[in-house]
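Next comes work.txt, a file with compact mmCIF, C-alpha atoms.
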```txt
# COMPACT_ATOMS: atom_id res chain seq x y z
CA MET N 1 0.00 0.00 0.00
CA ALA N 2 1.08 3.57 -0.72
CA TRP N 3 -0.03 6.85 0.89
CA ALA N 4 -2.49 7.30 -1.94
CA ASP N 5 -4.34 4.21 -0.67
CA PHE N 6 -5.41 5.98 2.56
CA PRO N 7 -8.22 8.36 1.50
CA GLU N 8 -9.34 9.05 5.07
CA GLN N 9 -5.78 9.99 6.08
CA GLN N 10 -5.09 12.46 3.27
CA PRO N 11 -4.98 15.57 5.54
CA LEU N 12 -2.28 13.81 7.56
CA VAL N 13 -0.50 12.63 4.41
CA ARG N 14 -0.44 16.18 3.00
CA LEU N 15 1.04 17.43 6.27
CA LEU N 16 3.84 14.88 6.06
CA GLN N 17 4.45 15.58 2.40
CA ARG N 18 4.89 19.29 3.18
CA SER N 19 7.39 18.36 5.88
CA ILE N 20 9.33 16.30 3.35
CA GLU N 21 9.22 19.09 0.76
CA ARG N 22 10.63 21.57 3.28
CA ASP N 23 13.15 19.07 4.66
CA ARG N 24 11.50 19.43 8.07
CA LEU N 25 10.75 15.79 8.80
CA GLY N 26 11.15 15.00 12.50
CA HIS N 27 13.12 12.05 13.83
CA ALA N 28 10.33 10.47 15.92
CA TYR N 29 6.55 10.37 15.55
CA LEU N 30 3.84 8.89 17.76
CA LEU N 31 0.95 7.71 15.58
CA THR N 32 -2.23 7.21 17.57
CA GLY N 33 -5.72 6.00 16.71
CA ASP N 34 -8.54 3.67 17.72
CA ASP N 35 -7.88 1.14 14.96
CA PRO N 36 -4.50 -0.68 15.11
CA ALA N 37 -5.24 -2.14 11.67
CA VAL N 38 -4.76 1.37 10.23
CA LEU N 39 -1.57 2.36 12.02
CA GLU N 40 0.90 -0.28 10.81
CA PRO N 41 -0.01 -0.13 7.09
CA LEU N 42 0.20 3.67 7.26
CA ALA N 43 3.64 3.51 8.89
CA LEU N 44 4.80 0.99 6.29
CA ALA N 45 3.58 3.30 3.51
CA TRP N 46 5.66 6.05 5.12
CA ALA N 47 8.77 3.85 5.12
CA LYS N 48 8.12 2.97 1.48
CA THR N 49 7.77 6.64 0.54
CA LEU N 50 11.18 7.45 2.00
CA ASN N 51 12.96 4.51 0.40
CA CYS N 52 11.08 3.83 -2.86
CA THR N 53 13.36 3.76 -5.91
CA HIS N 54 10.63 4.58 -8.48
CA ALA N 55 8.50 7.14 -6.65
CA PRO N 56 5.47 8.34 -8.69
CA ALA N 57 5.71 11.84 -7.17
CA ARG N 58 8.71 13.87 -6.10
CA ALA N 59 9.21 17.24 -4.45
CA ALA N 60 11.25 20.05 -5.99
CA ASN N 61 14.18 18.99 -3.79
CA GLY N 62 14.03 15.49 -5.28
CA ALA N 63 12.54 13.82 -2.19
CA ASN N 64 9.87 11.15 -2.65
CA LEU N 65 6.27 12.17 -1.91
CA ASP N 66 4.75 8.69 -2.28
CA SER N 67 5.80 5.17 -3.22
CA CYS N 68 5.16 3.02 -6.26
CA GLY N 69 4.53 -0.17 -4.27
CA ALA N 70 6.06 -2.24 -7.07
CA CYS N 71 9.83 -1.65 -7.08
CA ALA N 72 12.18 -4.11 -5.39
CA ALA N 73 12.57 -1.84 -2.35
CA CYS N 74 8.79 -1.50 -1.85
CA ARG N 75 8.29 -5.25 -2.22
CA ARG N 76 11.02 -5.99 0.31
CA MET N 77 9.48 -3.60 2.82
CA GLU N 78 6.06 -5.19 2.26
CA GLN N 79 7.59 -8.62 2.90
CA GLY N 80 9.42 -7.41 6.00
CA ASN N 81 12.96 -8.07 4.80
CA HIS N 82 14.31 -4.65 3.82
CA PRO N 83 17.63 -4.09 5.64
CA ASP N 84 16.88 -0.44 6.45
CA VAL N 85 13.38 -0.94 7.87
CA MET N 86 12.65 -2.81 11.10
CA VAL N 87 9.34 -3.53 12.79
CA LEU N 88 9.36 -4.37 16.51
CA ARG N 89 6.31 -5.99 18.10
CA PRO N 90 5.53 -7.25 21.60
CA GLU N 91 6.80 -10.76 22.24
CA ASN N 92 6.51 -13.54 24.83
CA LYS N 93 3.41 -14.60 26.72
CA LEU N 94 3.16 -11.25 28.52
CA ARG N 95 3.08 -9.46 25.14
CA GLN N 96 5.94 -7.10 25.96
CA ILE N 97 8.71 -5.34 24.06
CA ARG N 98 11.83 -6.33 25.98
CA ILE N 99 15.16 -4.58 26.37
CA GLY N 100 16.80 -7.37 24.35
CA GLN N 101 14.84 -6.17 21.32
CA ILE N 102 16.25 -2.65 21.68
CA ILE N 103 19.89 -3.30 22.62
CA ARG N 104 21.83 -6.53 22.37
CA ARG N 105 21.58 -8.94 25.29
CA GLN N 106 22.37 -12.62 25.76
CA ASN N 107 18.95 -13.78 24.53
CA SER N 108 18.41 -11.08 21.92
CA PRO N 109 17.02 -11.92 18.46
CA PRO N 110 19.48 -11.91 15.54
CA ARG N 111 18.81 -8.21 14.92
CA VAL N 112 17.88 -5.52 17.45
CA LEU N 113 16.77 -1.92 17.00
CA ASN N 114 20.16 -0.41 17.76
CA ASP N 115 21.72 -2.59 15.04
CA LEU N 116 19.56 -0.65 12.60
CA VAL N 117 19.99 2.77 14.18
CA TYR N 118 23.78 2.82 14.46
CA ALA N 119 24.61 1.23 11.12
CA LYS N 120 24.82 3.04 7.81
CA PRO N 121 21.85 2.62 5.44
CA THR N 122 22.36 -0.46 3.30
CA GLU N 123 20.01 0.15 0.40
CA GLY N 124 17.64 2.99 1.20
CA SER N 125 17.89 6.70 1.90
CA TRP N 126 16.38 6.43 5.38
CA LYS N 127 16.52 3.98 8.26
CA VAL N 128 13.05 3.46 9.71
CA GLY N 129 12.28 1.77 13.02
CA VAL N 130 8.59 0.97 13.59
CA LEU N 131 7.47 0.06 17.11
CA VAL N 132 4.03 -1.54 17.27
CA ALA N 133 2.31 -1.03 20.65
CA PRO N 134 5.21 0.80 22.36
CA ASP N 135 2.90 1.09 25.38
CA ARG N 136 3.95 -2.53 25.97
CA LEU N 137 7.63 -1.60 26.51
CA THR N 138 9.09 -2.92 29.75
CA ARG N 139 10.62 -0.26 31.99
CA GLU N 140 14.14 -1.29 30.97
CA ALA N 141 13.24 -1.31 27.28
CA ALA N 142 11.55 2.10 27.56
CA ASN N 143 14.66 3.62 29.15
CA ALA N 144 16.87 2.07 26.46
CA LEU N 145 14.61 3.46 23.73
CA LEU N 146 14.65 6.87 25.41
CA LYS N 147 18.43 7.05 25.10
CA THR N 148 18.18 6.10 21.42
CA LEU N 149 15.54 8.78 20.79
CA GLU N 150 17.64 11.54 22.36
CA GLU N 151 20.36 11.76 19.69
CA PRO N 152 19.62 9.49 16.71
CA PRO N 153 21.85 9.56 13.63
CA ALA N 154 20.79 11.63 10.64
CA ARG N 155 18.09 10.24 8.32
CA THR N 156 16.81 7.90 11.00
CA LEU N 157 13.06 7.85 11.63
CA PHE N 158 11.17 6.27 14.53
CA LEU N 159 7.45 5.56 14.16
CA LEU N 160 5.69 4.56 17.38
CA LEU N 161 2.19 3.15 16.83
CA SER N 162 -0.18 3.09 19.78
CA THR N 163 -3.89 2.84 20.50
CA GLU N 164 -3.14 3.69 24.15
CA PRO N 165 -0.50 6.44 24.06
CA ASP N 166 -1.20 7.57 27.62
CA ARG N 167 0.46 4.37 28.85
CA LEU N 168 3.79 5.48 27.36
CA LEU N 169 6.39 7.20 29.51
CA GLU N 170 5.94 10.96 29.37
CA THR N 171 9.65 11.30 28.55
CA ILE N 172 9.13 9.20 25.41
CA ARG N 173 5.95 11.04 24.38
CA SER N 174 7.73 14.37 24.78
CA ARG N 175 10.40 13.33 22.26
CA CYS N 176 7.87 12.41 19.58
CA LEU N 177 5.63 14.48 17.34
CA ARG N 178 2.12 13.15 17.95
CA LEU N 179 -0.15 12.53 14.98
CA SER N 180 -3.76 11.33 15.19
CA CYS N 181 -4.66 8.66 12.64
CA GLY N 182 -8.36 8.34 13.38
CA SER N 183 -10.78 7.11 10.74
CA GLY N 184 -12.95 10.20 10.60
CA GLY N 185 -14.02 9.59 14.18
CA ARG N 186 -15.63 6.29 13.15
CA LEU N 187 -14.41 2.99 14.55
CA GLN N 188 -14.02 0.23 11.98
CA LEU N 189 -15.30 -3.16 13.21
CA ASN N 190 -14.73 -6.59 11.73
CA ALA N 191 -17.72 -8.83 11.07
CA ALA N 192 -17.35 -10.88 14.26
CA ASP N 193 -17.13 -7.84 16.55
CA ARG N 194 -20.01 -6.17 14.71
CA ALA N 195 -22.25 -9.21 15.20
CA TRP N 196 -21.29 -9.56 18.85
CA LEU N 197 -21.82 -5.89 19.64
CA ALA N 198 -25.23 -5.93 17.94
CA ALA N 199 -26.29 -8.88 20.11
CA PHE N 200 -24.86 -7.25 23.24
CA ALA N 201 -26.62 -3.93 22.57
CA GLU N 202 -29.94 -5.66 21.88
CA LEU N 203 -29.65 -7.61 25.12
CA ALA N 204 -28.70 -4.47 27.04
CA ILE N 205 -31.76 -2.48 25.99
CA ALA N 206 -34.20 -5.39 26.26
CA GLY N 207 -33.37 -6.57 29.77
CA HIS N 208 -33.73 -5.16 33.26
CA LYS N 209 -31.02 -3.26 35.10
CA ASP N 210 -30.61 -6.08 37.61
CA LEU N 211 -27.92 -8.61 38.54
CA ALA N 212 -29.33 -11.31 36.27
CA GLY N 213 -29.30 -8.92 33.33
CA ARG N 214 -25.67 -7.99 33.88
CA TYR N 215 -24.71 -11.68 34.09
CA ARG N 216 -26.42 -12.21 30.74
CA LEU N 217 -24.28 -9.42 29.30
CA LEU N 218 -21.18 -11.02 30.79
CA GLY N 219 -22.16 -14.38 29.29
CA LYS N 220 -22.56 -12.80 25.85
CA LEU N 221 -19.10 -11.22 26.09
CA MET N 222 -17.39 -14.39 27.34
CA GLU N 223 -19.04 -16.44 24.58
CA HIS N 224 -17.62 -14.06 21.96
CA LEU N 225 -14.15 -14.09 23.55
CA ALA N 226 -14.14 -17.90 23.67
CA GLN N 227 -14.95 -18.02 19.96
CA THR N 228 -12.24 -15.44 19.29
CA LYS N 229 -9.63 -17.44 21.21
CA ALA N 230 -10.55 -20.65 19.38
CA ALA N 231 -10.25 -18.89 16.02
CA VAL N 232 -6.85 -17.44 16.94
CA GLU N 233 -5.50 -20.80 18.11
CA ALA N 234 -6.65 -22.46 14.90
CA GLU N 235 -5.00 -19.76 12.76
CA VAL N 236 -1.71 -19.93 14.67
CA ASP N 237 -1.70 -23.73 14.60
CA ALA N 238 -2.27 -23.76 10.84
CA ALA N 239 0.63 -21.33 10.33
CA SER N 240 3.06 -23.19 12.59
CA PRO N 241 6.09 -24.77 10.89
CA ALA N 242 5.26 -27.92 12.86
CA GLN N 243 2.45 -28.53 10.35
CA GLN N 244 4.97 -28.77 7.51
CA TYR N 245 7.20 -31.50 8.93
CA GLU N 246 6.27 -34.96 10.16
CA GLU N 247 9.40 -35.54 12.24
CA VAL N 248 11.50 -32.88 13.99
CA PRO N 249 13.91 -33.00 16.95
CA ALA N 250 12.19 -32.84 20.31
CA ASP N 251 13.84 -29.56 21.33
CA LEU N 252 12.80 -27.89 18.07
CA ALA N 253 9.24 -29.16 18.42
CA GLU N 254 9.15 -27.79 21.97
CA GLN N 255 10.46 -24.42 20.75
CA TRP N 256 7.83 -24.24 18.01
CA GLU N 257 5.11 -25.14 20.47
CA ALA N 258 6.22 -22.40 22.88
CA GLU N 259 6.41 -19.85 20.05
CA ALA N 260 2.95 -20.82 18.80
CA LYS N 261 1.52 -20.49 22.30
CA ALA N 262 3.07 -17.05 22.77
CA ALA N 263 1.87 -15.91 19.34
CA ALA N 264 -1.67 -17.12 20.07
CA GLU N 265 -1.75 -15.35 23.42
CA ALA N 266 -0.46 -12.10 21.92
CA GLU N 267 -2.95 -12.17 19.03
CA TYR N 268 -5.84 -13.05 21.34
CA SER N 269 -4.92 -10.17 23.64
CA LEU N 270 -4.95 -7.81 20.65
CA ARG N 271 -8.37 -9.02 19.42
CA ARG N 272 -9.82 -8.89 22.93
CA SER N 273 -8.63 -5.30 23.14
CA ARG N 274 -10.36 -4.48 19.85
CA CYS N 275 -13.54 -6.08 21.14
CA LEU N 276 -13.49 -3.94 24.28
CA GLN N 277 -12.65 -0.84 22.23
CA ALA N 278 -15.87 -1.48 20.31
CA LEU N 279 -17.83 -1.73 23.57
CA GLN N 280 -16.18 1.46 24.85
CA ALA N 281 -17.12 3.25 21.62
CA TRP N 282 -20.77 2.20 21.94
CA LEU N 283 -20.89 3.27 25.59
CA ARG N 284 -19.42 6.64 24.55
CA ASP N 285 -22.29 6.95 22.07
CA VAL N 286 -24.78 6.05 24.83
CA TRP N 287 -23.30 8.76 27.05
CA ALA N 288 -23.32 11.28 24.16
CA CYS N 289 -26.98 10.52 23.41
CA ASN N 290 -27.77 10.98 27.09
CA LEU N 291 -26.21 14.44 26.89
CA GLY N 292 -28.39 15.26 23.89
CA LEU N 293 -25.66 15.29 21.23
CA PRO N 294 -26.94 14.64 17.66
CA ILE N 295 -27.00 11.05 16.44
CA ALA N 296 -24.93 12.11 13.40
CA MET N 297 -21.94 12.45 15.73
CA ALA N 298 -22.05 8.79 16.81
CA THR N 299 -18.78 6.86 16.69
CA LEU N 300 -20.71 3.75 15.60
CA PRO N 301 -23.59 5.04 13.42
CA GLU N 302 -25.09 1.61 12.77
CA PHE N 303 -25.57 1.12 16.52
CA ALA N 304 -26.83 4.64 17.17
CA PRO N 305 -30.53 3.61 17.57
CA ALA N 306 -29.53 1.10 20.25
CA ALA N 307 -27.38 3.77 21.89
CA GLN N 308 -30.38 6.13 21.97
CA ALA N 309 -32.58 3.41 23.47
CA ALA N 310 -29.98 2.63 26.13
CA ALA N 311 -29.49 6.32 26.91
CA ALA N 312 -33.22 6.72 27.55
CA ARG N 313 -32.97 4.14 30.36
CA LEU N 314 -30.07 5.87 32.12
CA THR N 315 -29.34 8.98 34.08
CA GLU N 316 -26.41 11.13 33.00
CA ALA N 317 -24.41 9.89 36.01
CA GLU N 318 -25.13 6.23 35.13
CA ALA N 319 -24.13 6.70 31.47
CA SER N 320 -20.90 8.41 32.50
CA GLU N 321 -20.08 5.77 35.12
CA ASN N 322 -20.70 2.91 32.65
CA LEU N 323 -18.10 4.41 30.33
CA ALA N 324 -15.63 4.86 33.18
CA VAL N 325 -16.18 1.26 34.35
CA ILE N 326 -15.46 -0.34 30.98
CA GLU N 327 -12.41 1.88 30.47
CA ARG N 328 -11.01 0.82 33.86
CA THR N 329 -11.74 -2.82 33.05
CA HIS N 330 -9.99 -2.54 29.69
CA ARG N 331 -6.88 -1.03 31.31
CA ALA N 332 -6.81 -3.69 34.01
CA LEU N 333 -6.64 -6.48 31.43
CA PHE N 334 -3.21 -5.26 30.31
CA GLY N 335 -1.85 -6.38 33.67
CA ASN N 336 -1.29 -9.87 35.04
CA VAL N 337 -4.91 -10.49 36.07
CA ASN N 338 -7.52 -13.22 35.78
CA GLU N 339 -9.54 -12.44 32.67
CA LEU N 340 -12.89 -13.88 33.79
CA LEU N 341 -12.72 -12.33 37.26
CA THR N 342 -11.72 -8.92 35.87
CA LEU N 343 -14.53 -8.90 33.31
CA GLU N 344 -17.05 -10.18 35.84
CA VAL N 345 -16.16 -7.42 38.31
CA GLY N 346 -16.37 -4.85 35.54
CA LEU N 347 -19.61 -5.88 33.88
CA LEU N 348 -21.44 -6.38 37.17
CA GLN N 349 -20.85 -2.68 37.84
CA LEU N 350 -22.60 -1.64 34.61
CA LYS N 351 -26.06 -0.11 34.78
CA LEU N 352 -27.69 -1.02 31.47
```

Target encoding structure tokens, full file:
Amino acid sequence: MAWADFPEQQPLVRLLQRSIERDRLGHAYLLTGDDPAVLEPLALAWAKTLNCTHAPARAANGANLDSCGACAACRRMEQGNHPDVMVLRPENKLRQIRIGQIIRRQNSPPRVLNDLVYAKPTEGSWKVGVLVAPDRLTREAANALLKTLEEPPARTLFLLLSTEPDRLLETIRSRCLRLSCGSGGRLQLNAADRAWLAAFAELAIAGHKDLAGRYRLLGKLMEHLAQTKAAVEAEVDAASPAQQYEEVPADLAEQWEAEAKAAAEAEYSLRRSRCLQALQAWLRDVWACNLGLPIAMATLPEFAPAAQAAAARLTEAEASENLAVIERTHRALFGNVNELLTLEVGLLQLKL
């Protein structure tokens, strides 16, 4: 994908293109938004723009203003094997970015971020380090990244992509230019989350605001999360190299099993977060309707009638507290907590 493939982000794209034209591109940007599925492709399009060898548009100073998406450099970045572009993601069962991914340690992967930063560009004009979910940096990793951000080499760009930027260290946020990558204020849902949220909203407005009703809402959520986890495990299992070989050494099989388990847990955590973001968005619409804001301003327009119906059952204080409850519950799930107990405590506090 190129920048031209993001119609909803064109104001942001034009801002960045002007920065390139004036040679005013910063060294670190924090890209934020509700939809993580938008952030990484947009960052990759940025890396392509800087390093494309057959750019379809150039500034007067010769700098690229977009990418072709077809040259060898663009293809290598799309495939994740361009030597001057690195993407770091949370790893291990706790879904963290560890210090060994930033600077070399005994158990570091073959390539760490500082290998990219402090080496000369191999093929491209810019070195680009993309950090997905930097809010998952461990304290040690965050401090190591902070040192790297303070005085990076020339033509080095850091792109930090976060749906929860407030969880980042203030010292890291202060060293980045923050850009909002929202989708016109509208949250994009996949089919499974859309179907679940529709069922949840219908149940919320049809039932009574009693304990039994809240347990029914909890049951609906846990049913959806169980289906999500099963789908993730099936996808990870199908993609595991263990499926390609009938016989492998025991230690390698054990390693693959551990990697598959960690990958499944990380992906499930991400999808659970998206599910709760959808619920948060709907509860924001309920609260907004309760305040009398026009339905045209709804974050989730297709669920606006249900939001209006729910708002009619609530006081302003109840609508506001419901939103605060689900936000607290969502944040708590990023810690080492029991999922069922945390969701049960949260949803039993809702007044729907």

Separation of atom CA of Leu283 of chain N from atom CA of Trp196 of chain N, in Å and rounded to one decimal
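One can read the atom CA of Leu283 of chain N to atom CA of Trp196 of chain N distance as 14.5 Å.
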
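A search radius of 8 Å centred on (0.6, 13.1, 16.5), applied to all atoms listed in the file, returns the residues Tyr29, Leu30, Leu31, Thr32, Cys176, Leu177, Arg178, Leu179, Ser180 and Cys181 of chain N.
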
What does the distance between atom CA of Ile103 of chain N and atom CA of Thr148 of chain N come to in Å, to one decimal place?
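These atoms are spaced 9.6 Å apart.
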
Just want the 10 Å neighbourhood of Gln308 of chain N, counted on all atoms listed in the file, with same-chain residues fewer than 6 positions away dropped. Output as a list of chain:residue names.
N:Ile205, N:Asp285, N:Val286, N:Trp287, N:Ala288, N:Cys289, N:Asn290, N:Gly292, N:Ile295

If you count all atoms listed in the file, which residues fall within 9 Å of segment 18-24 of chain N, apart from same-chain ones fewer than 4 positions away, as a count of residues only?
10

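Remark: for Met77 of chain N, the closest of the candidate residues N:Leu333, N:Ala154, N:Ala57, N:Ala43 is N:Ala43 (distances computed over only C-alpha atoms).
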
Which polymer residues, protein or nucleic acid, are no farther than 12 Å from (14.4, -0.9, 9.2), counting only C-alpha atoms, as a VMD selection string?
chain N and resid 43 to 44 46 to 48 50 to 51 73 76 to 78 80 to 88 111 to 131 155 to 159

Would you fill the gaps in segment 237-257 of chain N so it has N, CA and C atoms, then print it as a compact mmCIF listing (two decimals), keeping the file's coordinate frame?
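Final output, part_16.txt:
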```txt
# COMPACT_ATOMS: atom_id res chain seq x y z
N ASP N 237 -2.07 -22.32 14.79
CA ASP N 237 -1.70 -23.73 14.60
C ASP N 237 -1.51 -24.04 13.12
N ALA N 238 -2.38 -23.51 12.27
CA ALA N 238 -2.27 -23.76 10.84
C ALA N 238 -1.01 -23.13 10.26
N ALA N 239 -0.56 -22.02 10.84
CA ALA N 239 0.63 -21.33 10.33
C ALA N 239 1.93 -21.83 10.93
N SER N 240 1.85 -22.71 11.92
CA SER N 240 3.06 -23.19 12.59
C SER N 240 3.90 -24.07 11.66
N PRO N 241 5.23 -23.91 11.70
CA PRO N 241 6.09 -24.77 10.89
C PRO N 241 5.97 -26.25 11.26
N ALA N 242 5.44 -26.52 12.45
CA ALA N 242 5.26 -27.92 12.86
C ALA N 242 4.29 -28.66 11.95
N GLN N 243 3.41 -27.91 11.25
CA GLN N 243 2.45 -28.53 10.35
C GLN N 243 3.10 -28.97 9.03
N GLN N 244 4.32 -28.49 8.78
CA GLN N 244 4.97 -28.77 7.51
C GLN N 244 5.91 -29.97 7.58
N TYR N 245 6.22 -30.42 8.79
CA TYR N 245 7.20 -31.50 8.93
C TYR N 245 6.61 -32.61 9.81
N GLU N 246 6.80 -33.84 9.40
CA GLU N 246 6.27 -34.96 10.16
C GLU N 246 7.16 -35.30 11.36
N GLU N 247 8.48 -35.20 11.17
CA GLU N 247 9.40 -35.54 12.24
C GLU N 247 10.41 -34.41 12.44
N VAL N 248 10.52 -33.92 13.66
CA VAL N 248 11.50 -32.88 13.99
C VAL N 248 12.11 -33.24 15.34
N PRO N 249 13.31 -32.75 15.63
CA PRO N 249 13.91 -33.00 16.95
C PRO N 249 13.02 -32.50 18.07
N ALA N 250 13.07 -33.16 19.20
CA ALA N 250 12.19 -32.84 20.31
C ALA N 250 12.36 -31.41 20.79
N ASP N 251 13.63 -30.92 20.84
CA ASP N 251 13.84 -29.56 21.33
C ASP N 251 13.28 -28.53 20.37
N LEU N 252 13.35 -28.81 19.05
CA LEU N 252 12.80 -27.89 18.07
C LEU N 252 11.27 -27.89 18.13
N ALA N 253 10.69 -29.06 18.30
CA ALA N 253 9.24 -29.16 18.42
C ALA N 253 8.75 -28.40 19.65
N GLU N 254 9.51 -28.51 20.74
CA GLU N 254 9.15 -27.79 21.97
C GLU N 254 9.25 -26.28 21.76
N GLN N 255 10.29 -25.84 21.03
CA GLN N 255 10.46 -24.42 20.75
C GLN N 255 9.30 -23.90 19.91
N TRP N 256 8.94 -24.65 18.87
CA TRP N 256 7.83 -24.24 18.01
C TRP N 256 6.53 -24.17 18.78
N GLU N 257 6.33 -25.13 19.67
CA GLU N 257 5.11 -25.14 20.47
C GLU N 257 5.03 -23.92 21.38
```
